[in-house]
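Trainee: Below is the file input.txt, which contains compact mmCIF, N, CA and C atoms.
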# COMPACT_ATOMS: atom_id res chain seq x y z
N MET A 1 -68.00 20.98 -5.90
CA MET A 1 -67.88 19.67 -5.34
C MET A 1 -67.99 18.61 -6.43
N LYS A 2 -68.95 18.83 -7.36
CA LYS A 2 -69.11 17.87 -8.45
C LYS A 2 -67.87 17.86 -9.34
N SER A 3 -67.28 19.02 -9.58
CA SER A 3 -66.11 19.08 -10.45
C SER A 3 -64.91 18.40 -9.78
N LEU A 4 -64.80 18.50 -8.46
CA LEU A 4 -63.72 17.84 -7.74
C LEU A 4 -63.88 16.32 -7.80
N THR A 5 -65.07 15.81 -7.67
CA THR A 5 -65.35 14.39 -7.77
C THR A 5 -65.07 13.90 -9.18
N LEU A 6 -65.45 14.68 -10.17
CA LEU A 6 -65.21 14.32 -11.56
C LEU A 6 -63.72 14.27 -11.86
N VAL A 7 -62.96 15.24 -11.34
CA VAL A 7 -61.51 15.26 -11.54
C VAL A 7 -60.87 14.04 -10.88
N ARG A 8 -61.31 13.71 -9.68
CA ARG A 8 -60.79 12.53 -8.99
C ARG A 8 -61.11 11.25 -9.77
N LEU A 9 -62.33 11.16 -10.27
CA LEU A 9 -62.75 10.00 -11.04
C LEU A 9 -61.91 9.86 -12.31
N LEU A 10 -61.70 10.97 -13.02
CA LEU A 10 -60.86 10.93 -14.23
C LEU A 10 -59.42 10.57 -13.88
N GLY A 11 -58.92 11.08 -12.79
CA GLY A 11 -57.56 10.76 -12.34
C GLY A 11 -57.44 9.29 -12.01
N LEU A 12 -58.45 8.74 -11.33
CA LEU A 12 -58.45 7.32 -10.98
C LEU A 12 -58.51 6.45 -12.23
N ILE A 13 -59.35 6.80 -13.18
CA ILE A 13 -59.45 6.05 -14.44
C ILE A 13 -58.13 6.10 -15.19
N THR A 14 -57.52 7.28 -15.26
CA THR A 14 -56.24 7.43 -15.93
C THR A 14 -55.17 6.56 -15.27
N LEU A 15 -55.16 6.56 -13.94
CA LEU A 15 -54.21 5.76 -13.19
C LEU A 15 -54.41 4.27 -13.46
N LEU A 16 -55.65 3.82 -13.44
CA LEU A 16 -55.94 2.40 -13.70
C LEU A 16 -55.55 1.98 -15.11
N VAL A 17 -55.86 2.83 -16.07
CA VAL A 17 -55.51 2.52 -17.46
C VAL A 17 -54.00 2.44 -17.62
N SER A 18 -53.28 3.36 -17.02
CA SER A 18 -51.82 3.36 -17.15
C SER A 18 -51.21 2.17 -16.42
N LEU A 19 -51.78 1.77 -15.29
CA LEU A 19 -51.26 0.62 -14.55
C LEU A 19 -51.51 -0.69 -15.30
N THR A 20 -52.60 -0.81 -15.98
CA THR A 20 -52.87 -2.04 -16.72
C THR A 20 -51.94 -2.17 -17.92
N GLY A 21 -51.44 -1.06 -18.41
CA GLY A 21 -50.52 -1.11 -19.55
C GLY A 21 -49.10 -1.46 -19.16
N ILE A 22 -48.73 -1.30 -17.91
CA ILE A 22 -47.35 -1.56 -17.47
C ILE A 22 -46.94 -3.02 -17.65
N PRO A 23 -47.72 -4.00 -17.21
CA PRO A 23 -47.29 -5.39 -17.41
C PRO A 23 -47.12 -5.74 -18.88
N LEU A 24 -47.96 -5.21 -19.73
CA LEU A 24 -47.85 -5.50 -21.16
C LEU A 24 -46.57 -4.89 -21.72
N PHE A 25 -46.26 -3.68 -21.31
CA PHE A 25 -45.04 -3.04 -21.79
C PHE A 25 -43.82 -3.76 -21.25
N GLY A 26 -43.85 -4.17 -20.00
CA GLY A 26 -42.73 -4.88 -19.39
C GLY A 26 -42.47 -6.22 -20.06
N GLN A 27 -43.51 -6.92 -20.47
CA GLN A 27 -43.34 -8.21 -21.12
C GLN A 27 -42.70 -8.06 -22.48
N GLY A 28 -43.00 -6.99 -23.16
CA GLY A 28 -42.43 -6.77 -24.48
C GLY A 28 -40.94 -6.47 -24.43
N GLN A 29 -40.44 -5.98 -23.30
CA GLN A 29 -39.04 -5.61 -23.17
C GLN A 29 -38.16 -6.77 -22.73
N GLN A 30 -38.74 -7.81 -22.13
CA GLN A 30 -37.94 -8.93 -21.63
C GLN A 30 -37.63 -9.89 -22.76
N PRO A 31 -36.37 -10.36 -22.84
CA PRO A 31 -36.06 -11.37 -23.86
C PRO A 31 -36.74 -12.68 -23.50
N SER A 32 -37.34 -13.27 -24.45
CA SER A 32 -38.04 -14.54 -24.24
C SER A 32 -37.07 -15.69 -24.40
N SER A 33 -37.14 -16.65 -23.47
CA SER A 33 -36.27 -17.82 -23.58
C SER A 33 -36.74 -18.73 -24.71
N GLN A 34 -37.94 -18.53 -25.20
CA GLN A 34 -38.46 -19.35 -26.28
C GLN A 34 -38.21 -18.75 -27.65
N ASP A 35 -37.57 -17.58 -27.69
CA ASP A 35 -37.30 -16.91 -28.96
C ASP A 35 -36.28 -17.71 -29.75
N PRO A 36 -36.65 -18.25 -30.93
CA PRO A 36 -35.72 -19.08 -31.69
C PRO A 36 -34.49 -18.33 -32.16
N ALA A 37 -34.55 -17.02 -32.27
CA ALA A 37 -33.39 -16.27 -32.74
C ALA A 37 -32.29 -16.22 -31.70
N THR A 38 -32.65 -16.35 -30.42
CA THR A 38 -31.64 -16.28 -29.36
C THR A 38 -31.10 -17.64 -28.96
N GLN A 39 -31.71 -18.71 -29.43
CA GLN A 39 -31.26 -20.04 -29.07
C GLN A 39 -30.31 -20.57 -30.13
N SER A 40 -29.29 -21.29 -29.65
CA SER A 40 -28.40 -21.94 -30.62
C SER A 40 -29.05 -23.24 -31.05
N GLU A 41 -28.97 -23.52 -32.32
CA GLU A 41 -29.60 -24.70 -32.87
C GLU A 41 -28.62 -25.85 -32.89
N PRO A 42 -29.04 -27.06 -32.44
CA PRO A 42 -28.15 -28.21 -32.56
C PRO A 42 -27.97 -28.60 -34.02
N SER A 43 -26.90 -29.29 -34.28
CA SER A 43 -26.65 -29.69 -35.66
C SER A 43 -27.72 -30.67 -36.11
N THR A 44 -27.84 -30.84 -37.42
CA THR A 44 -28.87 -31.71 -37.98
C THR A 44 -28.71 -33.14 -37.50
N SER A 45 -27.48 -33.63 -37.41
CA SER A 45 -27.28 -35.00 -36.95
C SER A 45 -27.70 -35.15 -35.50
N GLN A 46 -27.48 -34.13 -34.68
CA GLN A 46 -27.92 -34.19 -33.30
C GLN A 46 -29.43 -34.18 -33.23
N GLN A 47 -30.07 -33.37 -34.05
CA GLN A 47 -31.52 -33.31 -34.04
C GLN A 47 -32.10 -34.65 -34.44
N SER A 48 -31.59 -35.25 -35.50
CA SER A 48 -32.17 -36.50 -35.95
C SER A 48 -31.93 -37.61 -34.96
N ALA A 49 -30.76 -37.65 -34.32
CA ALA A 49 -30.49 -38.69 -33.34
C ALA A 49 -31.35 -38.51 -32.10
N GLU A 50 -31.55 -37.26 -31.69
CA GLU A 50 -32.35 -37.01 -30.51
C GLU A 50 -33.82 -37.24 -30.76
N SER A 51 -34.29 -36.94 -31.94
CA SER A 51 -35.71 -37.05 -32.21
C SER A 51 -36.15 -38.45 -32.57
N GLN A 52 -35.24 -39.32 -32.93
CA GLN A 52 -35.59 -40.68 -33.32
C GLN A 52 -35.67 -41.57 -32.08
N PRO A 53 -36.68 -42.43 -32.02
CA PRO A 53 -36.78 -43.34 -30.88
C PRO A 53 -35.78 -44.49 -31.01
N THR A 54 -35.38 -45.04 -29.89
CA THR A 54 -34.50 -46.20 -29.88
C THR A 54 -35.31 -47.39 -30.40
N GLN A 55 -34.69 -48.17 -31.29
CA GLN A 55 -35.36 -49.32 -31.90
C GLN A 55 -34.46 -50.54 -31.80
N ILE A 56 -35.05 -51.70 -32.06
CA ILE A 56 -34.29 -52.94 -32.13
C ILE A 56 -34.35 -53.40 -33.59
N PHE A 57 -33.18 -53.70 -34.15
CA PHE A 57 -33.06 -54.16 -35.53
C PHE A 57 -32.48 -55.57 -35.49
N VAL A 58 -33.09 -56.47 -36.25
CA VAL A 58 -32.61 -57.85 -36.30
C VAL A 58 -32.26 -58.17 -37.74
N GLY A 59 -31.10 -58.80 -37.92
CA GLY A 59 -30.66 -59.17 -39.26
C GLY A 59 -29.28 -59.77 -39.21
N LYS A 60 -28.62 -59.77 -40.35
CA LYS A 60 -27.29 -60.35 -40.47
C LYS A 60 -26.30 -59.27 -40.84
N ILE A 61 -25.14 -59.27 -40.16
CA ILE A 61 -24.08 -58.33 -40.47
C ILE A 61 -23.36 -58.82 -41.72
N ALA A 62 -23.14 -57.93 -42.68
CA ALA A 62 -22.47 -58.29 -43.93
C ALA A 62 -21.58 -57.13 -44.38
N LYS A 63 -20.70 -57.44 -45.32
CA LYS A 63 -19.90 -56.39 -45.94
C LYS A 63 -20.50 -56.11 -47.31
N SER A 64 -20.66 -54.83 -47.62
CA SER A 64 -21.22 -54.43 -48.89
C SER A 64 -20.50 -53.18 -49.37
N LYS A 65 -19.86 -53.27 -50.50
CA LYS A 65 -19.14 -52.13 -51.08
C LYS A 65 -18.13 -51.55 -50.08
N GLY A 66 -17.45 -52.42 -49.36
CA GLY A 66 -16.43 -51.98 -48.42
C GLY A 66 -16.97 -51.48 -47.10
N GLU A 67 -18.28 -51.52 -46.90
CA GLU A 67 -18.89 -51.06 -45.65
C GLU A 67 -19.50 -52.23 -44.91
N VAL A 68 -19.57 -52.12 -43.61
CA VAL A 68 -20.25 -53.11 -42.79
C VAL A 68 -21.70 -52.66 -42.66
N VAL A 69 -22.63 -53.56 -43.01
CA VAL A 69 -24.06 -53.21 -43.01
C VAL A 69 -24.86 -54.28 -42.28
N LEU A 70 -26.08 -53.93 -41.95
CA LEU A 70 -27.04 -54.88 -41.42
C LEU A 70 -28.06 -55.13 -42.52
N LYS A 71 -28.25 -56.42 -42.87
CA LYS A 71 -29.29 -56.78 -43.82
C LYS A 71 -30.41 -57.45 -43.04
N ASP A 72 -31.61 -56.86 -43.12
CA ASP A 72 -32.74 -57.46 -42.40
C ASP A 72 -33.39 -58.55 -43.24
N ASP A 73 -34.40 -59.20 -42.67
CA ASP A 73 -35.06 -60.32 -43.35
C ASP A 73 -35.74 -59.91 -44.65
N ALA A 74 -36.10 -58.64 -44.78
CA ALA A 74 -36.74 -58.15 -46.00
C ALA A 74 -35.71 -57.83 -47.08
N GLY A 75 -34.41 -57.92 -46.74
CA GLY A 75 -33.36 -57.65 -47.71
C GLY A 75 -32.90 -56.21 -47.73
N THR A 76 -33.41 -55.40 -46.82
CA THR A 76 -33.00 -54.00 -46.75
C THR A 76 -31.65 -53.91 -46.04
N SER A 77 -30.74 -53.11 -46.60
CA SER A 77 -29.42 -52.91 -45.99
C SER A 77 -29.37 -51.56 -45.29
N TYR A 78 -28.79 -51.56 -44.11
CA TYR A 78 -28.61 -50.33 -43.34
C TYR A 78 -27.13 -50.18 -43.03
N LYS A 79 -26.58 -49.00 -43.26
CA LYS A 79 -25.20 -48.72 -42.87
C LYS A 79 -25.17 -48.66 -41.34
N LEU A 80 -24.00 -48.97 -40.78
CA LEU A 80 -23.82 -48.90 -39.34
C LEU A 80 -22.78 -47.83 -39.03
N ASP A 81 -23.06 -46.99 -38.06
CA ASP A 81 -22.11 -45.91 -37.76
C ASP A 81 -20.93 -46.39 -36.92
N ASN A 82 -21.03 -47.56 -36.31
CA ASN A 82 -19.95 -48.09 -35.48
C ASN A 82 -19.49 -49.42 -36.07
N THR A 83 -18.68 -49.34 -37.12
CA THR A 83 -18.25 -50.57 -37.80
C THR A 83 -17.31 -51.40 -36.95
N ASP A 84 -16.50 -50.76 -36.10
CA ASP A 84 -15.59 -51.52 -35.24
C ASP A 84 -16.36 -52.46 -34.31
N GLN A 85 -17.48 -52.00 -33.82
CA GLN A 85 -18.30 -52.82 -32.93
C GLN A 85 -18.99 -53.94 -33.71
N ALA A 86 -19.27 -53.71 -35.01
CA ALA A 86 -20.01 -54.69 -35.81
C ALA A 86 -19.11 -55.74 -36.47
N LYS A 87 -17.83 -55.42 -36.72
CA LYS A 87 -16.94 -56.33 -37.46
C LYS A 87 -16.87 -57.75 -36.89
N PRO A 88 -16.82 -57.95 -35.57
CA PRO A 88 -16.76 -59.31 -35.06
C PRO A 88 -18.00 -60.16 -35.40
N PHE A 89 -19.08 -59.51 -35.83
CA PHE A 89 -20.33 -60.21 -36.11
C PHE A 89 -20.58 -60.44 -37.60
N VAL A 90 -19.61 -60.14 -38.46
CA VAL A 90 -19.81 -60.30 -39.91
C VAL A 90 -20.18 -61.76 -40.20
N GLY A 91 -21.28 -61.92 -40.95
CA GLY A 91 -21.78 -63.25 -41.31
C GLY A 91 -22.70 -63.85 -40.25
N LYS A 92 -22.93 -63.13 -39.16
CA LYS A 92 -23.75 -63.67 -38.08
C LYS A 92 -25.05 -62.88 -37.93
N SER A 93 -26.06 -63.56 -37.40
CA SER A 93 -27.33 -62.89 -37.10
C SER A 93 -27.20 -62.15 -35.77
N VAL A 94 -27.68 -60.91 -35.76
CA VAL A 94 -27.53 -60.06 -34.59
C VAL A 94 -28.81 -59.32 -34.26
N LYS A 95 -28.81 -58.77 -33.06
CA LYS A 95 -29.86 -57.85 -32.63
C LYS A 95 -29.15 -56.56 -32.27
N ILE A 96 -29.52 -55.47 -32.96
CA ILE A 96 -28.89 -54.16 -32.74
C ILE A 96 -29.91 -53.23 -32.09
N THR A 97 -29.45 -52.57 -31.04
CA THR A 97 -30.25 -51.52 -30.42
C THR A 97 -29.65 -50.19 -30.86
N GLY A 98 -30.50 -49.31 -31.38
CA GLY A 98 -30.00 -48.03 -31.86
C GLY A 98 -31.11 -47.16 -32.41
N THR A 99 -30.70 -46.09 -33.06
CA THR A 99 -31.66 -45.18 -33.69
C THR A 99 -31.38 -45.14 -35.19
N LEU A 100 -32.42 -44.96 -35.96
CA LEU A 100 -32.31 -44.97 -37.42
C LEU A 100 -32.35 -43.56 -37.97
N ASP A 101 -31.33 -43.21 -38.74
CA ASP A 101 -31.33 -41.96 -39.51
C ASP A 101 -31.87 -42.35 -40.88
N GLU A 102 -33.16 -42.14 -41.08
CA GLU A 102 -33.82 -42.60 -42.31
C GLU A 102 -33.28 -41.93 -43.56
N SER A 103 -32.87 -40.68 -43.45
CA SER A 103 -32.39 -39.96 -44.62
C SER A 103 -31.08 -40.57 -45.16
N LYS A 104 -30.28 -41.14 -44.26
CA LYS A 104 -29.01 -41.74 -44.67
C LYS A 104 -29.03 -43.26 -44.62
N LYS A 105 -30.18 -43.82 -44.19
CA LYS A 105 -30.31 -45.27 -44.02
C LYS A 105 -29.16 -45.80 -43.16
N THR A 106 -28.90 -45.10 -42.06
CA THR A 106 -27.81 -45.45 -41.16
C THR A 106 -28.36 -45.69 -39.76
N ILE A 107 -27.91 -46.77 -39.14
CA ILE A 107 -28.28 -47.06 -37.76
C ILE A 107 -27.17 -46.53 -36.87
N HIS A 108 -27.54 -45.70 -35.91
CA HIS A 108 -26.60 -45.22 -34.90
C HIS A 108 -26.60 -46.28 -33.79
N VAL A 109 -25.56 -47.10 -33.76
CA VAL A 109 -25.50 -48.29 -32.92
C VAL A 109 -25.26 -47.93 -31.46
N MET A 110 -26.11 -48.48 -30.60
CA MET A 110 -25.91 -48.37 -29.15
C MET A 110 -25.38 -49.69 -28.60
N ASN A 111 -25.91 -50.80 -29.14
CA ASN A 111 -25.51 -52.12 -28.66
C ASN A 111 -25.72 -53.15 -29.77
N ILE A 112 -24.79 -54.11 -29.85
CA ILE A 112 -24.94 -55.25 -30.77
C ILE A 112 -24.75 -56.51 -29.96
N GLU A 113 -25.65 -57.47 -30.16
CA GLU A 113 -25.51 -58.77 -29.52
C GLU A 113 -25.99 -59.85 -30.47
N PRO A 114 -25.53 -61.09 -30.26
CA PRO A 114 -26.00 -62.17 -31.12
C PRO A 114 -27.51 -62.32 -31.01
N ALA A 115 -28.16 -62.62 -32.12
CA ALA A 115 -29.60 -62.81 -32.11
C ALA A 115 -29.90 -64.15 -31.46
N SER A 116 -30.98 -64.20 -30.68
CA SER A 116 -31.35 -65.48 -30.08
C SER A 116 -31.94 -66.37 -31.17
N SER A 117 -31.57 -67.65 -31.13
CA SER A 117 -32.01 -68.56 -32.21
C SER A 117 -33.33 -69.18 -31.98
Could you quickly redo this structure as structure tokens?
Mentor:
Amino acid sequence: MKSLTLVRLLGLITLLVSLTGIPLFGQGQQPSSQDPATQSEPSTSQQSAESQPTQIFVGKIAKSKGEVVLKDDAGTSYKLDNTDQAKPFVGKSVKITGTLDESKKTIHVMNIEPASS
């Protein structure tokens, strides 16, 4: 009788140990949606534009070395990615809404409007 109880107890322990290992084994076999190797990476320009907060830039639109730029009050020049939108404002003070790509010193223009005086 004691040996039968001992065998049942060992069988129950074995069953419990094997059942606790199943969820761990199952998790290791499923592809993780967070696995960086399985995700496609956005391009660097997309990453920088998405990660940068929208800002307001105030200054004067000017031409410099054949490019249309924004010169702020501190004298810093920023390239503009949408020169067609900026050309009507050359020589004028403006307020630009956009994101700054600091590595290229370029403003990704969302909106340009005359600066309030």
Trainee: Just to confirm, what's the straight-line distance from CA of Lys92 (chain A) to atom N of Pro53 (chain A) in Å (one decimal)?
Mentor: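 According to the coordinates, CA of Lys92 (chain A) and atom N of Pro53 (chain A) are separated by 25.6 Å.
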Trainee: Excluding Tyr78 (chain A) and its own-chain neighbours fewer than 5 positions away, which residues fall within 7 Å of it when counting only C-alpha atoms? Please give them as a list in words.
Mentor: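 In the requested format, the answer is Val69, Leu70, Lys71, Lys105, Thr106 and Ile107 of chain A.
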Trainee: Can you work out the spacing between atom N of Gly59 (chain A) and CA of Ile96 (chain A) in Å, to one decimal?
Mentor: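 Straight-line distance from atom N of Gly59 (chain A) to CA of Ile96 (chain A) works out to 7.3 Å.
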Trainee: How many Å separate atom N of Ala62 (chain A) from atom C of Asp84 (chain A)?
Mentor: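 One can read the atom N of Ala62 (chain A) to atom C of Asp84 (chain A) distance as 12.1 Å.
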Trainee: List as number ranges by chain the protein and nucleic acid residues near Lys79 (chain A), meaning an atom at most 12 Å away when only C-alpha atoms are counted, but skip any in the same chain fewer than 5 places from it.
Mentor: A: 61-72, 86, 99-109
Trainee: Go ahead and dump the residues you just picked, N, CA and C atoms, as a PDB file, in the frame of the given file.
Mentor:
ATOM      1  N   ILE A  61     -25.140 -59.270 -40.160  1.00  0.00           N
ATOM      2  CA  ILE A  61     -24.080 -58.330 -40.470  1.00  0.00           C
ATOM      3  C   ILE A  61     -23.360 -58.820 -41.720  1.00  0.00           C
ATOM      4  N   ALA A  62     -23.140 -57.930 -42.680  1.00  0.00           N
ATOM      5  CA  ALA A  62     -22.470 -58.290 -43.930  1.00  0.00           C
ATOM      6  C   ALA A  62     -21.580 -57.130 -44.380  1.00  0.00           C
ATOM      7  N   LYS A  63     -20.700 -57.440 -45.320  1.00  0.00           N
ATOM      8  CA  LYS A  63     -19.900 -56.390 -45.940  1.00  0.00           C
ATOM      9  C   LYS A  63     -20.500 -56.110 -47.310  1.00  0.00           C
ATOM     10  N   SER A  64     -20.660 -54.830 -47.620  1.00  0.00           N
ATOM     11  CA  SER A  64     -21.220 -54.430 -48.890  1.00  0.00           C
ATOM     12  C   SER A  64     -20.500 -53.180 -49.370  1.00  0.00           C
ATOM     13  N   LYS A  65     -19.860 -53.270 -50.500  1.00  0.00           N
ATOM     14  CA  LYS A  65     -19.140 -52.130 -51.080  1.00  0.00           C
ATOM     15  C   LYS A  65     -18.130 -51.550 -50.080  1.00  0.00           C
ATOM     16  N   GLY A  66     -17.450 -52.420 -49.360  1.00  0.00           N
ATOM     17  CA  GLY A  66     -16.430 -51.980 -48.420  1.00  0.00           C
ATOM     18  C   GLY A  66     -16.970 -51.480 -47.100  1.00  0.00           C
ATOM     19  N   GLU A  67     -18.280 -51.520 -46.900  1.00  0.00           N
ATOM     20  CA  GLU A  67     -18.890 -51.060 -45.650  1.00  0.00           C
ATOM     21  C   GLU A  67     -19.500 -52.230 -44.910  1.00  0.00           C
ATOM     22  N   VAL A  68     -19.570 -52.120 -43.610  1.00  0.00           N
ATOM     23  CA  VAL A  68     -20.250 -53.110 -42.790  1.00  0.00           C
ATOM     24  C   VAL A  68     -21.700 -52.660 -42.660  1.00  0.00           C
ATOM     25  N   VAL A  69     -22.630 -53.560 -43.010  1.00  0.00           N
ATOM     26  CA  VAL A  69     -24.060 -53.210 -43.010  1.00  0.00           C
ATOM     27  C   VAL A  69     -24.860 -54.280 -42.280  1.00  0.00           C
ATOM     28  N   LEU A  70     -26.080 -53.930 -41.950  1.00  0.00           N
ATOM     29  CA  LEU A  70     -27.040 -54.880 -41.420  1.00  0.00           C
ATOM     30  C   LEU A  70     -28.060 -55.130 -42.520  1.00  0.00           C
ATOM     31  N   LYS A  71     -28.250 -56.420 -42.870  1.00  0.00           N
ATOM     32  CA  LYS A  71     -29.290 -56.780 -43.820  1.00  0.00           C
ATOM     33  C   LYS A  71     -30.410 -57.450 -43.040  1.00  0.00           C
ATOM     34  N   ASP A  72     -31.610 -56.860 -43.120  1.00  0.00           N
ATOM     35  CA  ASP A  72     -32.740 -57.460 -42.400  1.00  0.00           C
ATOM     36  C   ASP A  72     -33.390 -58.550 -43.240  1.00  0.00           C
ATOM     37  N   ALA A  86     -19.270 -53.710 -35.010  1.00  0.00           N
ATOM     38  CA  ALA A  86     -20.010 -54.690 -35.810  1.00  0.00           C
ATOM     39  C   ALA A  86     -19.110 -55.740 -36.470  1.00  0.00           C
ATOM     40  N   THR A  99     -30.700 -46.090 -33.060  1.00  0.00           N
ATOM     41  CA  THR A  99     -31.660 -45.180 -33.690  1.00  0.00           C
ATOM     42  C   THR A  99     -31.380 -45.140 -35.190  1.00  0.00           C
ATOM     43  N   LEU A 100     -32.420 -44.960 -35.960  1.00  0.00           N
ATOM     44  CA  LEU A 100     -32.310 -44.970 -37.420  1.00  0.00           C
ATOM     45  C   LEU A 100     -32.350 -43.560 -37.970  1.00  0.00           C
ATOM     46  N   ASP A 101     -31.330 -43.210 -38.740  1.00  0.00           N
ATOM     47  CA  ASP A 101     -31.330 -41.960 -39.510  1.00  0.00           C
ATOM     48  C   ASP A 101     -31.870 -42.350 -40.880  1.00  0.00           C
ATOM     49  N   GLU A 102     -33.160 -42.140 -41.080  1.00  0.00           N
ATOM     50  CA  GLU A 102     -33.820 -42.600 -42.310  1.00  0.00           C
ATOM     51  C   GLU A 102     -33.280 -41.930 -43.560  1.00  0.00           C
ATOM     52  N   SER A 103     -32.870 -40.680 -43.450  1.00  0.00           N
ATOM     53  CA  SER A 103     -32.390 -39.960 -44.620  1.00  0.00           C
ATOM     54  C   SER A 103     -31.080 -40.570 -45.160  1.00  0.00           C
ATOM     55  N   LYS A 104     -30.280 -41.140 -44.260  1.00  0.00           N
ATOM     56  CA  LYS A 104     -29.010 -41.740 -44.670  1.00  0.00           C
ATOM     57  C   LYS A 104     -29.030 -43.260 -44.620  1.00  0.00           C
ATOM     58  N   LYS A 105     -30.180 -43.820 -44.190  1.00  0.00           N
ATOM     59  CA  LYS A 105     -30.310 -45.270 -44.020  1.00  0.00           C
ATOM     60  C   LYS A 105     -29.160 -45.800 -43.160  1.00  0.00           C
ATOM     61  N   THR A 106     -28.900 -45.100 -42.060  1.00  0.00           N
ATOM     62  CA  THR A 106     -27.810 -45.450 -41.160  1.00  0.00           C
ATOM     63  C   THR A 106     -28.360 -45.690 -39.760  1.00  0.00           C
ATOM     64  N   ILE A 107     -27.910 -46.770 -39.140  1.00  0.00           N
ATOM     65  CA  ILE A 107     -28.280 -47.060 -37.760  1.00  0.00           C
ATOM     66  C   ILE A 107     -27.170 -46.530 -36.870  1.00  0.00           C
ATOM     67  N   HIS A 108     -27.540 -45.700 -35.910  1.00  0.00           N
ATOM     68  CA  HIS A 108     -26.600 -45.220 -34.900  1.00  0.00           C
ATOM     69  C   HIS A 108     -26.600 -46.280 -33.790  1.00  0.00           C
ATOM     70  N   VAL A 109     -25.560 -47.100 -33.760  1.00  0.00           N
ATOM     71  CA  VAL A 109     -25.500 -48.290 -32.920  1.00  0.00           C
ATOM     72  C   VAL A 109     -25.260 -47.930 -31.460  1.00  0.00           C
TER      73      VAL A 109
END
Trainee: As a list in words, which residues of region 55-90 of chain A does DSSP assign to alpha helix (DSSP H)?
Mentor: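 Selection result, alpha helix (DSSP H) within region 55-90 of chain A: Thr83, Asp84, Gln85 and Ala86 of chain A.
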Trainee: Counting only C-alpha atoms, what is within 12 Å of Gly98 (chain A), bar same-chain residues fewer than 4 positions away, as a CSV table (one decimal) with N, CA and C atoms, in the coordinates of the input?
Mentor:
chain,number,residue,atom,x,y,z
A,49,ALA,N,-30.8,-37.6,-34.3
A,49,ALA,CA,-30.5,-38.7,-33.3
A,49,ALA,C,-31.4,-38.5,-32.1
A,50,GLU,N,-31.6,-37.3,-31.7
A,50,GLU,CA,-32.4,-37.0,-30.5
A,50,GLU,C,-33.8,-37.2,-30.8
A,52,GLN,N,-35.2,-39.3,-32.9
A,52,GLN,CA,-35.6,-40.7,-33.3
A,52,GLN,C,-35.7,-41.6,-32.1
A,53,PRO,N,-36.7,-42.4,-32.0
A,53,PRO,CA,-36.8,-43.3,-30.9
A,53,PRO,C,-35.8,-44.5,-31.0
A,54,THR,N,-35.4,-45.0,-29.9
A,54,THR,CA,-34.5,-46.2,-29.9
A,54,THR,C,-35.3,-47.4,-30.4
A,55,GLN,N,-34.7,-48.2,-31.3
A,55,GLN,CA,-35.4,-49.3,-31.9
A,55,GLN,C,-34.5,-50.5,-31.8
A,56,ILE,N,-35.0,-51.7,-32.1
A,56,ILE,CA,-34.3,-52.9,-32.1
A,56,ILE,C,-34.4,-53.4,-33.6
A,57,PHE,N,-33.2,-53.7,-34.2
A,57,PHE,CA,-33.1,-54.2,-35.5
A,57,PHE,C,-32.5,-55.6,-35.5
A,58,VAL,N,-33.1,-56.5,-36.2
A,58,VAL,CA,-32.6,-57.8,-36.3
A,58,VAL,C,-32.3,-58.2,-37.7
A,78,TYR,N,-28.8,-51.6,-44.1
A,78,TYR,CA,-28.6,-50.3,-43.3
A,78,TYR,C,-27.1,-50.2,-43.0
A,80,LEU,N,-24.0,-49.0,-40.8
A,80,LEU,CA,-23.8,-48.9,-39.3
A,80,LEU,C,-22.8,-47.8,-39.0
A,81,ASP,N,-23.1,-47.0,-38.1
A,81,ASP,CA,-22.1,-45.9,-37.8
A,81,ASP,C,-20.9,-46.4,-36.9
A,82,ASN,N,-21.0,-47.6,-36.3
A,82,ASN,CA,-20.0,-48.1,-35.5
A,82,ASN,C,-19.5,-49.4,-36.1
A,106,THR,N,-28.9,-45.1,-42.1
A,106,THR,CA,-27.8,-45.4,-41.2
A,106,THR,C,-28.4,-45.7,-39.8
A,107,ILE,N,-27.9,-46.8,-39.1
A,107,ILE,CA,-28.3,-47.1,-37.8
A,107,ILE,C,-27.2,-46.5,-36.9
A,108,HIS,N,-27.5,-45.7,-35.9
A,108,HIS,CA,-26.6,-45.2,-34.9
A,108,HIS,C,-26.6,-46.3,-33.8
A,109,VAL,N,-25.6,-47.1,-33.8
A,109,VAL,CA,-25.5,-48.3,-32.9
A,109,VAL,C,-25.3,-47.9,-31.5
A,110,MET,N,-26.1,-48.5,-30.6
A,110,MET,CA,-25.9,-48.4,-29.2
A,110,MET,C,-25.4,-49.7,-28.6
A,111,ASN,N,-25.9,-50.8,-29.1
A,111,ASN,CA,-25.5,-52.1,-28.7
A,111,ASN,C,-25.7,-53.2,-29.8
A,112,ILE,N,-24.8,-54.1,-29.8
A,112,ILE,CA,-24.9,-55.2,-30.8
A,112,ILE,C,-24.8,-56.5,-30.0
A,113,GLU,N,-25.6,-57.5,-30.2
A,113,GLU,CA,-25.5,-58.8,-29.5
A,113,GLU,C,-26.0,-59.8,-30.5
Trainee: Region 58-114 of chain A: which residues are strand (DSSP E or B) by DSSP, as a PyMOL selection string?
Mentor: chain A and resi 58-64+67-72+77-80+90+93-101+106-114
Trainee: Check the smallest atom-to-atom distance from each of A:Ser51, A:Thr5, A:Ser116, A:Thr14 to Lys95 (chain A) using all atoms listed in the file, then report the winner.
Mentor: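 Checking each candidate against Lys95 (chain A), we get A:Ser116 as the closest.
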